[in-house]
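Engineer: Got a structure for you, query-v7.tsv, holding TSV, C-alpha atoms.
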chain	number	residue	atom	x	y	z
I	1	MET	CA	-12.51	-15.11	33.01
I	2	ARG	CA	-15.42	-15.54	30.66
I	3	VAL	CA	-17.29	-12.55	32.16
I	4	THR	CA	-14.22	-10.37	31.75
I	5	ALA	CA	-13.92	-11.42	28.17
I	6	VAL	CA	-17.54	-10.54	27.46
I	7	GLN	CA	-17.19	-7.14	29.12
I	8	SER	CA	-14.05	-6.29	27.26
I	9	ASP	CA	-15.73	-7.42	24.07
I	10	ALA	CA	-18.53	-4.89	24.62
I	11	ASP	CA	-15.96	-2.20	25.42
I	12	ARG	CA	-14.06	-3.07	22.35
I	13	ARG	CA	-17.14	-2.77	20.19
I	14	ARG	CA	-17.96	0.62	21.67
I	15	ARG	CA	-14.45	1.81	21.12
I	16	PHE	CA	-14.50	0.56	17.55
I	17	GLU	CA	-17.74	2.42	16.87
I	18	GLY	CA	-16.07	5.57	18.19
I	19	VAL	CA	-13.13	5.11	15.86
I	20	VAL	CA	-15.42	4.43	12.92
I	21	ALA	CA	-17.41	7.59	13.68
I	22	ALA	CA	-14.19	9.58	13.50
I	23	VAL	CA	-12.75	8.03	10.34
I	24	TYR	CA	-15.58	6.65	8.19
I	25	GLU	CA	-16.24	9.75	6.11
I	26	PRO	CA	-12.69	11.13	5.77
I	27	VAL	CA	-11.37	7.69	4.80
I	28	GLN	CA	-13.93	7.54	1.99
I	29	ARG	CA	-12.57	10.84	0.70
I	30	TYR	CA	-9.04	9.56	1.06
I	31	LEU	CA	-9.92	6.57	-1.12
I	32	ARG	CA	-11.89	8.56	-3.69
I	33	ARG	CA	-8.95	10.87	-4.15
I	34	ARG	CA	-6.81	7.92	-5.13
I	35	THR	CA	-8.91	5.34	-6.87
I	36	ASP	CA	-12.13	4.70	-8.75
I	37	PRO	CA	-15.42	4.59	-6.80
I	38	ALA	CA	-15.83	0.80	-7.06
I	39	THR	CA	-12.37	0.14	-5.64
I	40	ALA	CA	-12.92	2.79	-2.98
I	41	ASP	CA	-16.06	0.98	-1.87
I	42	ASP	CA	-14.31	-2.38	-1.76
I	43	VAL	CA	-11.33	-1.07	0.16
I	44	LEU	CA	-13.45	0.78	2.71
I	45	GLY	CA	-14.67	-2.55	4.10
I	46	ASP	CA	-11.09	-3.81	4.24
I	47	VAL	CA	-10.02	-0.73	6.17
I	48	LEU	CA	-12.71	-1.27	8.80
I	49	LEU	CA	-11.73	-4.90	9.09
I	50	VAL	CA	-8.10	-4.01	9.76
I	51	LEU	CA	-9.05	-1.23	12.19
I	52	TRP	CA	-11.15	-3.69	14.16
I	53	ARG	CA	-8.36	-6.20	14.19
I	54	ARG	CA	-5.74	-3.61	15.17
I	55	LEU	CA	-7.99	-1.63	17.48
I	56	ASP	CA	-5.51	-1.80	20.34
I	57	ASP	CA	-2.91	-0.09	18.17
I	58	VAL	CA	-5.16	2.78	17.09
I	59	PRO	CA	-3.89	5.90	18.90
I	60	ALA	CA	-6.77	7.48	20.84
I	61	GLU	CA	-5.76	11.01	19.89
I	62	LEU	CA	-4.92	10.37	16.25
I	63	PRO	CA	-7.29	7.72	14.93
I	64	LEU	CA	-7.60	9.43	11.56
I	65	PRO	CA	-3.94	9.48	10.49
I	66	TYR	CA	-3.72	5.88	11.65
I	67	ALA	CA	-6.76	5.01	9.55
I	68	TYR	CA	-5.22	6.78	6.56
I	69	GLY	CA	-2.16	4.61	7.02
I	70	VAL	CA	-4.33	1.51	7.03
I	71	ALA	CA	-6.24	2.74	3.96
I	72	ARG	CA	-2.96	3.36	2.20
I	73	GLY	CA	-1.86	-0.20	2.83
I	74	CYS	CA	-5.21	-1.68	1.84
I	75	LEU	CA	-5.23	0.34	-1.35
I	76	ALA	CA	-1.72	-0.72	-2.26
I	77	ASN	CA	-2.77	-4.32	-1.77
I	78	SER	CA	-5.88	-3.95	-3.86
I	79	ARG	CA	-4.40	-2.24	-6.86
I	80	ARG	CA	-1.20	-3.88	-7.75
I	81	SER	CA	-2.67	-4.31	-11.17
I	82	ALA	CA	-1.56	-1.77	-13.74
I	83	VAL	CA	-5.01	-1.66	-15.29
I	84	ARG	CA	-6.53	-0.15	-12.22
I	85	GLN	CA	-3.77	2.37	-11.84
I	86	GLU	CA	-4.38	3.46	-15.39
I	87	ARG	CA	-8.07	3.90	-14.71
I	88	VAL	CA	-7.27	6.23	-11.85
I	89	VAL	CA	-4.93	8.32	-13.93
I	90	GLN	CA	-7.49	8.61	-16.69
I	91	ARG	CA	-10.18	9.59	-14.24
I	92	LEU	CA	-8.00	12.27	-12.69
I	93	ALA	CA	-7.03	13.60	-16.09
I	94	GLN	CA	-10.66	13.85	-17.07
I	95	GLN	CA	-11.62	15.56	-13.88
I	96	HIS	CA	-9.16	18.34	-14.38
I	97	ARG	CA	-9.80	19.13	-18.00
I	98	PRO	CA	-9.11	22.77	-18.71
I	99	GLY	CA	-12.24	24.73	-19.47
I	100	ASP	CA	-14.28	23.08	-16.76
I	101	ASP	CA	-13.79	26.10	-14.59
I	102	ALA	CA	-15.46	29.41	-15.19
I	103	ASP	CA	-12.07	31.01	-15.57
I	104	ASP	CA	-10.11	29.29	-18.33
I	105	ASP	CA	-6.70	30.45	-17.14
I	106	ASP	CA	-7.34	28.90	-13.77
I	107	GLY	CA	-8.57	25.75	-15.48
I	108	ASP	CA	-5.35	25.49	-17.47
I	109	ASP	CA	-3.28	26.09	-14.38
I	110	ASP	CA	-5.20	23.44	-12.46
I	111	ALA	CA	-4.74	20.95	-15.26
I	112	ALA	CA	-1.04	21.73	-15.42
I	113	LEU	CA	-0.72	21.27	-11.68
I	114	ALA	CA	-2.67	18.00	-11.75
I	115	GLU	CA	-0.38	16.70	-14.46
I	116	ALA	CA	2.72	17.82	-12.64
I	117	LEU	CA	1.47	15.99	-9.56
I	118	GLU	CA	0.89	12.84	-11.60
I	119	ALA	CA	4.40	13.13	-13.03
I	120	LEU	CA	6.04	12.97	-9.60
I	121	PRO	CA	7.29	9.73	-8.05
I	122	ASP	CA	4.53	8.00	-6.09
I	123	ALA	CA	6.06	8.70	-2.69
I	124	ASP	CA	6.31	12.44	-3.37
I	125	ARG	CA	2.82	12.57	-4.80
I	126	GLU	CA	1.31	10.78	-1.83
I	127	LEU	CA	3.09	13.04	0.62
I	128	LEU	CA	1.83	16.16	-1.16
I	129	ARG	CA	-1.71	14.82	-1.34
I	130	LEU	CA	-1.72	13.97	2.35
I	131	TRP	CA	-0.42	17.45	3.07
I	132	ALA	CA	-2.74	19.43	0.81
I	133	TRP	CA	-5.84	17.25	0.56
I	134	GLU	CA	-5.98	15.46	3.90
I	135	GLN	CA	-4.42	18.59	5.45
I	136	LEU	CA	-2.17	16.62	7.75
I	137	ALA	CA	0.50	18.11	9.97
I	138	PRO	CA	4.04	16.66	9.94
I	139	ARG	CA	3.39	14.59	13.07
I	140	GLU	CA	0.31	13.09	11.45
I	141	LEU	CA	2.11	12.51	8.17
I	142	ALA	CA	4.78	10.66	10.11
I	143	LEU	CA	2.12	8.35	11.56
I	144	VAL	CA	0.56	7.61	8.18
I	145	LEU	CA	3.86	6.90	6.48
I	146	GLY	CA	5.61	5.18	9.36
I	147	ILE	CA	8.61	7.51	9.26
I	148	SER	CA	9.90	10.16	11.67
I	149	ALA	CA	8.46	13.67	11.69
I	150	ASN	CA	11.93	14.90	10.84
I	151	ALA	CA	12.08	12.70	7.76
I	152	VAL	CA	8.60	13.91	6.82
I	153	SER	CA	9.72	17.54	6.92
I	154	ILE	CA	12.70	16.85	4.70
I	155	ARG	CA	10.76	14.75	2.21
I	156	LEU	CA	7.87	17.17	2.11
I	157	HIS	CA	10.17	20.09	1.44
I	158	ARG	CA	11.80	18.20	-1.43
I	159	ALA	CA	8.48	17.05	-2.83
I	160	LYS	CA	7.14	20.61	-2.91
I	161	GLN	CA	10.24	21.76	-4.71
I	162	LYS	CA	9.99	18.92	-7.21
I	163	LEU	CA	6.39	19.84	-7.92
I	164	ARG	CA	7.31	23.49	-8.46
I	165	ASP	CA	10.15	22.41	-10.74
I	166	VAL	CA	7.95	20.14	-12.83
I	167	VAL	CA	5.31	22.82	-13.20
I	168	ALA	CA	7.93	25.36	-14.20
I	169	ALA	CA	9.60	23.00	-16.66
I	170	ARG	CA	6.29	22.22	-18.33
I	171	LYS	CA	5.45	25.86	-18.54
I	172	ASP	CA	8.79	26.59	-20.19
I	173	ASP	CA	8.05	23.94	-22.78
I	174	ASP	CA	4.82	25.65	-23.71
I	175	PRO	CA	4.79	29.33	-22.83
I	176	SER	CA	1.22	29.79	-24.05
I	177	GLY	CA	0.06	27.17	-21.58
I	178	GLN	CA	-2.74	26.30	-23.98
I	179	ASN	CA	-1.91	22.77	-24.98
I	180	GLN	CA	-0.34	21.40	-21.86
I	181	ALA	CA	-3.16	19.18	-20.81
I	182	ARG	CA	-3.81	17.64	-24.19
I	183	ARG	CA	-0.17	17.04	-24.92
I	184	GLY	CA	0.54	15.60	-21.50
I	185	GLY	CA	-2.48	13.36	-21.77
I	186	GLY	CA	-1.32	11.98	-25.09
I	187	ALA	CA	2.09	11.15	-23.77
I	188	ARG	CA	0.69	9.12	-20.91
C	1	MET	CA	4.28	29.07	-10.45
C	2	SER	CA	7.76	28.11	-9.36
C	3	GLY	CA	7.79	31.07	-6.99
C	4	MET	CA	4.73	29.88	-5.09
C	5	SER	CA	4.91	29.92	-1.32
C	6	ASP	CA	4.00	26.80	0.62
C	7	ASP	CA	0.60	28.23	1.48
C	8	GLU	CA	-0.12	29.10	-2.13
C	9	LEU	CA	0.98	25.68	-3.27
C	10	ARG	CA	-1.24	24.01	-0.70
C	11	ALA	CA	-4.20	26.16	-1.74
C	12	ARG	CA	-3.58	25.44	-5.41
C	13	LEU	CA	-3.40	21.72	-4.75
C	14	ALA	CA	-6.59	21.90	-2.70
C	15	ARG	CA	-8.33	23.28	-5.79
C	16	ILE	CA	-7.67	20.06	-7.68
C	17	ASP	CA	-8.75	17.83	-4.79
C	18	PRO	CA	-11.12	15.27	-6.37
C	19	ALA	CA	-12.98	14.78	-3.08
C	20	PRO	CA	-12.72	18.01	-1.07
C	21	ALA	CA	-13.83	18.20	2.54
C	22	GLY	CA	-17.59	18.49	2.60
C	23	SER	CA	-18.06	16.61	-0.66
C	24	PRO	CA	-20.79	13.98	-0.34
C	25	VAL	CA	-19.79	10.56	0.98
C	26	ASP	CA	-21.71	7.78	2.62
C	27	PRO	CA	-22.54	9.08	6.13
C	28	VAL	CA	-21.46	7.05	9.13
C	29	THR	CA	-25.12	6.80	10.15
C	30	SER	CA	-26.05	4.99	6.93
C	31	PRO	CA	-27.24	1.37	6.80
C	32	ARG	CA	-24.17	0.55	4.75
C	33	ALA	CA	-21.87	1.93	7.44
C	34	GLN	CA	-23.67	-0.13	10.04
C	35	GLU	CA	-23.37	-3.18	7.86
C	36	LEU	CA	-19.62	-2.69	7.34
C	37	VAL	CA	-19.09	-2.19	11.06
C	38	GLU	CA	-21.01	-5.33	11.88
C	39	ARG	CA	-19.20	-7.28	9.21
C	40	ALA	CA	-15.81	-6.17	10.55
C	41	MET	CA	-16.69	-7.09	14.12
C	42	ASN	CA	-18.13	-10.44	13.15
C	43	ALA	CA	-15.57	-11.57	10.59
C	44	PRO	CA	-14.92	-15.20	11.48
C	45	GLU	CA	-11.16	-15.08	10.95
C	46	LEU	CA	-10.89	-12.29	13.45
C	47	GLN	CA	-12.80	-14.09	16.17
C	48	THR	CA	-10.64	-17.14	15.71
C	49	LEU	CA	-7.56	-15.00	15.87
C	50	ASP	CA	-8.70	-13.09	18.96
C	51	THR	CA	-8.31	-16.26	20.97
C	52	ASP	CA	-4.77	-16.53	19.77
C	53	ALA	CA	-2.85	-13.73	21.41
C	54	PRO	CA	0.73	-14.70	20.51
C	55	THR	CA	0.07	-14.06	16.83
C	56	ASP	CA	-0.01	-10.33	17.52
C	57	GLU	CA	3.42	-10.36	18.95
C	58	LEU	CA	4.70	-12.52	16.18
C	59	ALA	CA	3.27	-10.19	13.57
C	60	ALA	CA	4.80	-7.19	15.26
C	61	ARG	CA	8.17	-8.90	15.46
C	62	ARG	CA	8.00	-9.95	11.87
C	63	ARG	CA	7.01	-6.48	10.83
C	64	ARG	CA	9.90	-4.91	12.64
C	65	ARG	CA	12.29	-7.39	11.26
C	66	TRP	CA	11.17	-6.90	7.68
C	67	LEU	CA	10.89	-3.16	7.73
C	68	LEU	CA	14.61	-2.77	7.58
C	69	PRO	CA	15.90	0.50	6.26
C	70	ALA	CA	18.14	0.31	3.24
C	71	ALA	CA	21.34	0.56	5.22
C	72	ALA	CA	20.43	-2.28	7.52
C	73	ALA	CA	19.36	-4.35	4.54
C	74	ALA	CA	22.70	-3.71	2.88
C	75	VAL	CA	24.53	-4.79	6.01
C	76	LEU	CA	22.40	-7.90	6.13
C	77	VAL	CA	23.28	-8.80	2.58
C	78	ALA	CA	26.96	-8.26	3.23
C	79	ALA	CA	26.86	-10.26	6.43
C	80	LEU	CA	25.28	-13.23	4.79
C	81	VAL	CA	27.92	-13.35	2.07
C	82	GLY	CA	25.76	-13.83	-0.95
C	83	ALA	CA	23.54	-16.41	0.61
C	84	VAL	CA	20.83	-13.81	0.96
C	85	VAL	CA	19.03	-11.91	-1.72
C	86	VAL	CA	17.10	-8.84	-0.72
C	87	LEU	CA	14.27	-8.40	-3.13
C	88	THR	CA	13.37	-4.96	-4.39
C	89	GLY	CA	12.30	-3.41	-7.62
C	90	SER	CA	9.68	-4.26	-10.18
C	91	ASP	CA	11.23	-6.15	-13.04
C	92	ARG	CA	9.10	-8.70	-14.77
C	93	VAL	CA	10.36	-12.21	-14.78
C	94	GLY	CA	11.42	-13.74	-18.04
C	95	VAL	CA	10.92	-17.25	-19.30
C	96	VAL	CA	12.22	-19.75	-16.84
C	97	PRO	CA	14.72	-22.36	-17.94
C	98	GLY	CA	13.41	-25.84	-17.27
C	99	GLN	CA	14.93	-28.10	-14.68
C	100	ASP	CA	15.75	-31.76	-15.21
C	101	GLN	CA	12.21	-33.09	-15.40
C	102	ASP	CA	10.59	-30.12	-17.10
C	103	PRO	CA	8.50	-29.20	-14.09
C	104	THR	CA	5.73	-26.64	-14.37
C	105	VAL	CA	6.80	-23.19	-13.31
C	106	LEU	CA	4.97	-20.14	-12.06
C	107	ALA	CA	6.87	-16.88	-12.55
C	108	LEU	CA	6.35	-14.08	-10.05
C	109	SER	CA	7.87	-10.65	-9.75
C	110	LEU	CA	8.28	-8.03	-7.09
C	111	PRO	CA	6.25	-4.99	-6.16
C	112	PRO	CA	7.29	-1.62	-7.54
C	113	SER	CA	9.56	0.08	-5.04
C	114	ASP	CA	7.07	2.90	-4.55
C	115	VAL	CA	4.44	0.44	-3.42
C	116	ALA	CA	7.02	-1.25	-1.25
C	117	GLY	CA	7.36	1.98	0.71
C	118	SER	CA	4.04	1.19	2.32
C	119	CYS	CA	3.60	-1.83	4.51
C	120	MET	CA	0.20	-2.61	5.77
C	121	MET	CA	-0.15	-4.43	9.03
C	122	PHE	CA	-0.14	-8.18	9.10
C	123	ASP	CA	-3.62	-9.52	9.36
C	124	VAL	CA	-5.02	-12.99	8.81
C	125	ALA	CA	-8.18	-11.56	7.25
C	126	PHE	CA	-6.00	-9.95	4.63
C	127	LEU	CA	-3.84	-12.97	4.23
C	128	ALA	CA	-7.05	-14.88	3.45
C	129	GLN	CA	-7.69	-12.62	0.48
C	130	MET	CA	-4.41	-13.37	-1.27
C	131	PRO	CA	-5.12	-15.13	-4.55
C	132	VAL	CA	-1.82	-17.01	-4.61
C	133	ALA	CA	-0.30	-18.77	-1.60
C	134	PHE	CA	2.14	-21.63	-1.36
C	135	ALA	CA	4.92	-23.20	0.68
C	136	GLY	CA	8.24	-24.08	-0.87
C	137	SER	CA	11.98	-24.36	-0.34
C	138	VAL	CA	14.61	-22.31	-2.09
C	139	THR	CA	16.50	-24.51	-4.52
C	140	ALA	CA	18.46	-21.86	-6.39
C	141	ILE	CA	19.47	-18.26	-5.94
C	142	ASP	CA	20.68	-16.80	-9.19
C	143	ALA	CA	21.69	-13.29	-10.13
C	144	ASP	CA	18.28	-12.45	-11.48
C	145	GLN	CA	15.90	-14.84	-9.78
C	146	VAL	CA	15.18	-17.08	-6.83
C	147	THR	CA	13.65	-20.50	-7.46
C	148	LEU	CA	11.43	-22.26	-4.98
C	149	ASP	CA	10.39	-25.89	-5.08
C	150	VAL	CA	6.74	-25.90	-4.03
C	151	ASP	CA	5.68	-28.56	-1.54
C	152	ARG	CA	2.21	-27.22	-0.88
C	153	TRP	CA	-0.25	-25.01	-2.70
C	154	TYR	CA	-2.69	-23.24	-0.42
C	155	ARG	CA	-4.30	-21.39	-3.27
C	156	GLY	CA	-4.00	-20.18	-6.80
C	157	GLY	CA	-1.68	-22.62	-8.54
C	158	ASP	CA	-0.33	-26.09	-9.06
C	159	ALA	CA	3.12	-25.45	-10.47
C	160	ASP	CA	6.06	-27.49	-9.22
C	161	LEU	CA	8.40	-24.54	-9.12
C	162	VAL	CA	7.99	-20.83	-8.56
C	163	THR	CA	10.52	-18.28	-9.64
C	164	VAL	CA	10.74	-14.80	-8.21
C	165	ALA	CA	12.48	-12.22	-10.36
C	166	VAL	CA	15.25	-10.22	-8.73
C	167	PRO	CA	15.93	-6.93	-10.47
C	168	PRO	CA	19.51	-6.22	-11.55
C	169	GLN	CA	19.55	-2.95	-9.63
C	170	GLN	CA	18.75	-2.75	-5.97
C	171	THR	CA	18.62	0.94	-5.53
C	172	SER	CA	15.68	1.44	-3.22
C	173	ALA	CA	15.11	0.61	0.41
C	174	ALA	CA	14.17	-2.99	1.01
C	175	LEU	CA	11.01	-1.98	2.85
C	176	ASP	CA	9.03	-4.77	1.34
C	177	GLY	CA	11.91	-7.20	1.28
C	178	VAL	CA	11.92	-10.88	1.97
C	179	ASP	CA	15.28	-12.52	2.35
C	180	PHE	CA	15.50	-15.92	0.75
C	181	ARG	CA	18.19	-18.35	1.79
C	182	GLN	CA	19.26	-21.43	-0.04
C	183	GLY	CA	17.56	-24.58	1.24
C	184	GLU	CA	15.17	-22.83	3.61
C	185	ARG	CA	11.43	-23.21	3.43
C	186	TYR	CA	9.11	-20.24	2.96
C	187	LEU	CA	5.45	-19.40	2.95
C	188	VAL	CA	4.73	-17.01	0.11
C	189	THR	CA	1.69	-15.06	-1.06
C	190	ALA	CA	1.32	-13.07	-4.26
C	191	THR	CA	-1.19	-10.73	-5.82
C	192	ASP	CA	-1.31	-10.07	-9.55
C	193	GLY	CA	1.94	-11.92	-10.02
C	194	THR	CA	3.65	-9.85	-7.37
C	195	VAL	CA	5.11	-11.32	-4.20
C	196	ASN	CA	3.77	-9.71	-1.04
C	197	GLY	CA	6.25	-8.82	1.67
C	198	CYS	CA	5.49	-7.10	4.96
C	199	GLY	CA	4.89	-10.36	6.77
C	200	PHE	CA	2.59	-11.80	4.13
C	201	SER	CA	5.46	-13.95	2.89
C	202	GLY	CA	8.33	-15.24	4.95
C	203	PRO	CA	10.26	-18.12	6.48
C	204	ALA	CA	7.98	-21.06	7.33
C	205	GLU	CA	7.92	-20.50	11.06
C	206	PRO	CA	5.22	-22.40	12.93
C	207	GLN	CA	3.21	-19.29	13.69
C	208	LEU	CA	3.19	-18.06	10.11
C	209	GLU	CA	2.20	-21.54	9.03
C	210	GLN	CA	-0.64	-21.44	11.54
C	211	ALA	CA	-1.73	-18.10	10.10
C	212	PHE	CA	-1.71	-19.66	6.61
C	213	GLU	CA	-3.78	-22.55	7.91
C	214	GLN	CA	-6.31	-20.15	9.35
C	215	ALA	CA	-6.36	-17.95	6.28
C	216	PHE	CA	-6.66	-20.68	3.68
C	217	GLY	CA	-8.60	-23.23	5.64
C	218	GLY	CA	-5.85	-25.86	5.81
Would you put the structure from the file into structure tokens?
Structural biologist:
Amino acid sequence: MRVTAVQSDADRRRRFEGVVAAVYEPVQRYLRRRTDPATADDVLGDVLLVLWRRLDDVPAELPLPYAYGVARGCLANSRRSAVRQERVVQRLAQQHRPGDDADDDDGDDDAALAEALEALPDADRELLRLWAWEQLAPRELALVLGISANAVSIRLHRAKQKLRDVVAARKDDDPSGQNQARRGGGAR
Amino acid sequence: MSGMSDDELRARLARIDPAPAGSPVDPVTSPRAQELVERAMNAPELQTLDTDAPTDELAARRRRRWLLPAAAAAVLVAALVGAVVVLTGSDRVGVVPGQDQDPTVLALSLPPSDVAGSCMMFDVAFLAQMPVAFAGSVTAIDADQVTLDVDRWYRGGDADLVTVAVPPQQTSAALDGVDFRQGERYLVTATDGTVNGCGFSGPAEPQLEQAFEQAFGG
């Protein structure tokens, strides 16, 4: 009994190291896309802790979407404070200042898109980020979010349309597109 | 921009990715990665828990039970004829009217519904990080709040009573919901004044109580 336990413990550790190898770097990007670096660092340790604890539930073929799901939960736990949320929004707004790019029109468009993304409900925004940034397929999105692939498809379709609508509406407000970022930033 | 195809939209979004693929992160071969791996595998709470298999099943059961979709939650509320309040929404609690003996009161609220959409898995190591944890029995269920009479503080307070704000509108799915019933005893955790659902708060069943004991060191 004891020998079996020791063996399975070694197996478990090996398996965990395999999972960590697959998820360690992408999960850091996942966190940095959504929070400040200090929080990302804190939460990374939490994610590994949960993955170790839930190792038996980690699907062998899809460890990464599973790890994203864990990271999502850990992040939600860590940042229920409005202050932190605000810090993230400010950081994102700064990162996408128009004029940073060589081509100013592209910079303006990027800023407008970033603001439109921020303006969406959290669930839509997260779905779009997972789709475009983590590049997940519907089946993987379903695993992260704990909903069916069918529901993912429907929600993703709606979220894309909402994003297009928000971008279009903001553009209509300001046909020149010049002051979108500054004005949006002030309203926040 | 409204005419963008899906592919174009995805490409445009990728351009504003704050941490694109290939951007520098701590490599998995780093000393820090090794340290985090070791720390995870050697976390004392986890080793204790590993010897305690039934907790897994309990957590899974609890998770399933509490991840009710909105429709099921609505049915539940109807079936329990007002004795149950499904908590959703994000309203802040107001000032709490004093009871007979002017007891001290801690006011909590509920997570925003968007946060509630995500439930992380129940885990004692996480439970141990909750800054507020207590046991108490429901003494009143009002239209806008539930009141619990605290019989034990595990962490983060010493108030006699805790109130949990119930928003006037319950429009979103009760994904993070905890159902409180009059007279029943609960184990509750909170972070930043927000009650945690998803198995981190719930009826004071022996196994949850054991998890609280483990997490908060008795």
Engineer: Within 6 Å of chain C, which residues of chain I show up when using only C-alpha atoms, listed as an NGL selection string?
Structural biologist: :I and (24 or 29 or 33 or 45 or 49 or 73 or 122 or 132-133 or 164 or 168)
Engineer: Tell me which of I:Asp36, I:Val27, I:Leu127, I:Asp173 sits closest to Ala151 (chain I), counting all atoms listed in the file.
Structural biologist: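 Checking each of I:Asp36, I:Val27, I:Leu127, I:Asp173 against Ala151 (chain I), counting all atoms listed in the file, the winner is I:Leu127.
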Engineer: Need the shell around Pro63 (chain I): protein/DNA/RNA residues with any atom at most 8 Å away, counting all atoms listed in the file. Skip same-chain ones fewer than 4 positions apart. Format as a list of chain:residue names?
Structural biologist: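 Residues near the query, excluding close chain neighbours: I:Val19, I:Ala22, I:Val23, I:Val58, I:Pro59, I:Ala67.
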Engineer: For a test of reading the model, state the distance in Å between CA of Lys160 (chain I) and CA of Gln28 (chain I), rounded to one decimal.
Structural biologist: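 Taking CA of Lys160 (chain I) and CA of Gln28 (chain I), their separation equals 25.3 Å.
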Engineer: For the atom pair CA of Tyr30 (chain I) and CA of Gly146 (chain I), what is the interatomic distance in Å to one decimal place?
Structural biologist: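 Going from CA of Tyr30 (chain I) over to CA of Gly146 (chain I) covers 17.4 Å.
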Engineer: Provide the CA of Val70 (chain I) to CA of Leu44 (chain I) distance in Å, to one decimal place.
Structural biologist: 10.1 Å
Engineer: With distances taken over all atoms listed in the file, which residue among I:Ala76, I:Ala60, I:Leu113, I:Arg32 lies nearest Gly18 (chain I)?
Structural biologist: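 Of the candidates, the smallest distance to Gly18 (chain I) is held by I:Ala60.
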Engineer: With only C-alpha atoms as the atoms that count, which of I:Arg158, I:Arg170, I:Arg72, I:Arg139 lies nearest to Thr35 (chain I)?
Structural biologist: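 Distance minimum relative to Thr35 (chain I) lands on I:Arg72.
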Engineer: Please give the centre and size of the box around region 151-157 of chain I (axis-aligned, containing every atom listed in the file, 5 Å added per side), with values in Å to one decimal and written as lines of an AutoDock Vina configuration file.
Structural biologist:
center_x = 10.3
center_y = 16.4
center_z = 4.6
size_x = 14.8
size_y = 17.4
size_z = 16.3
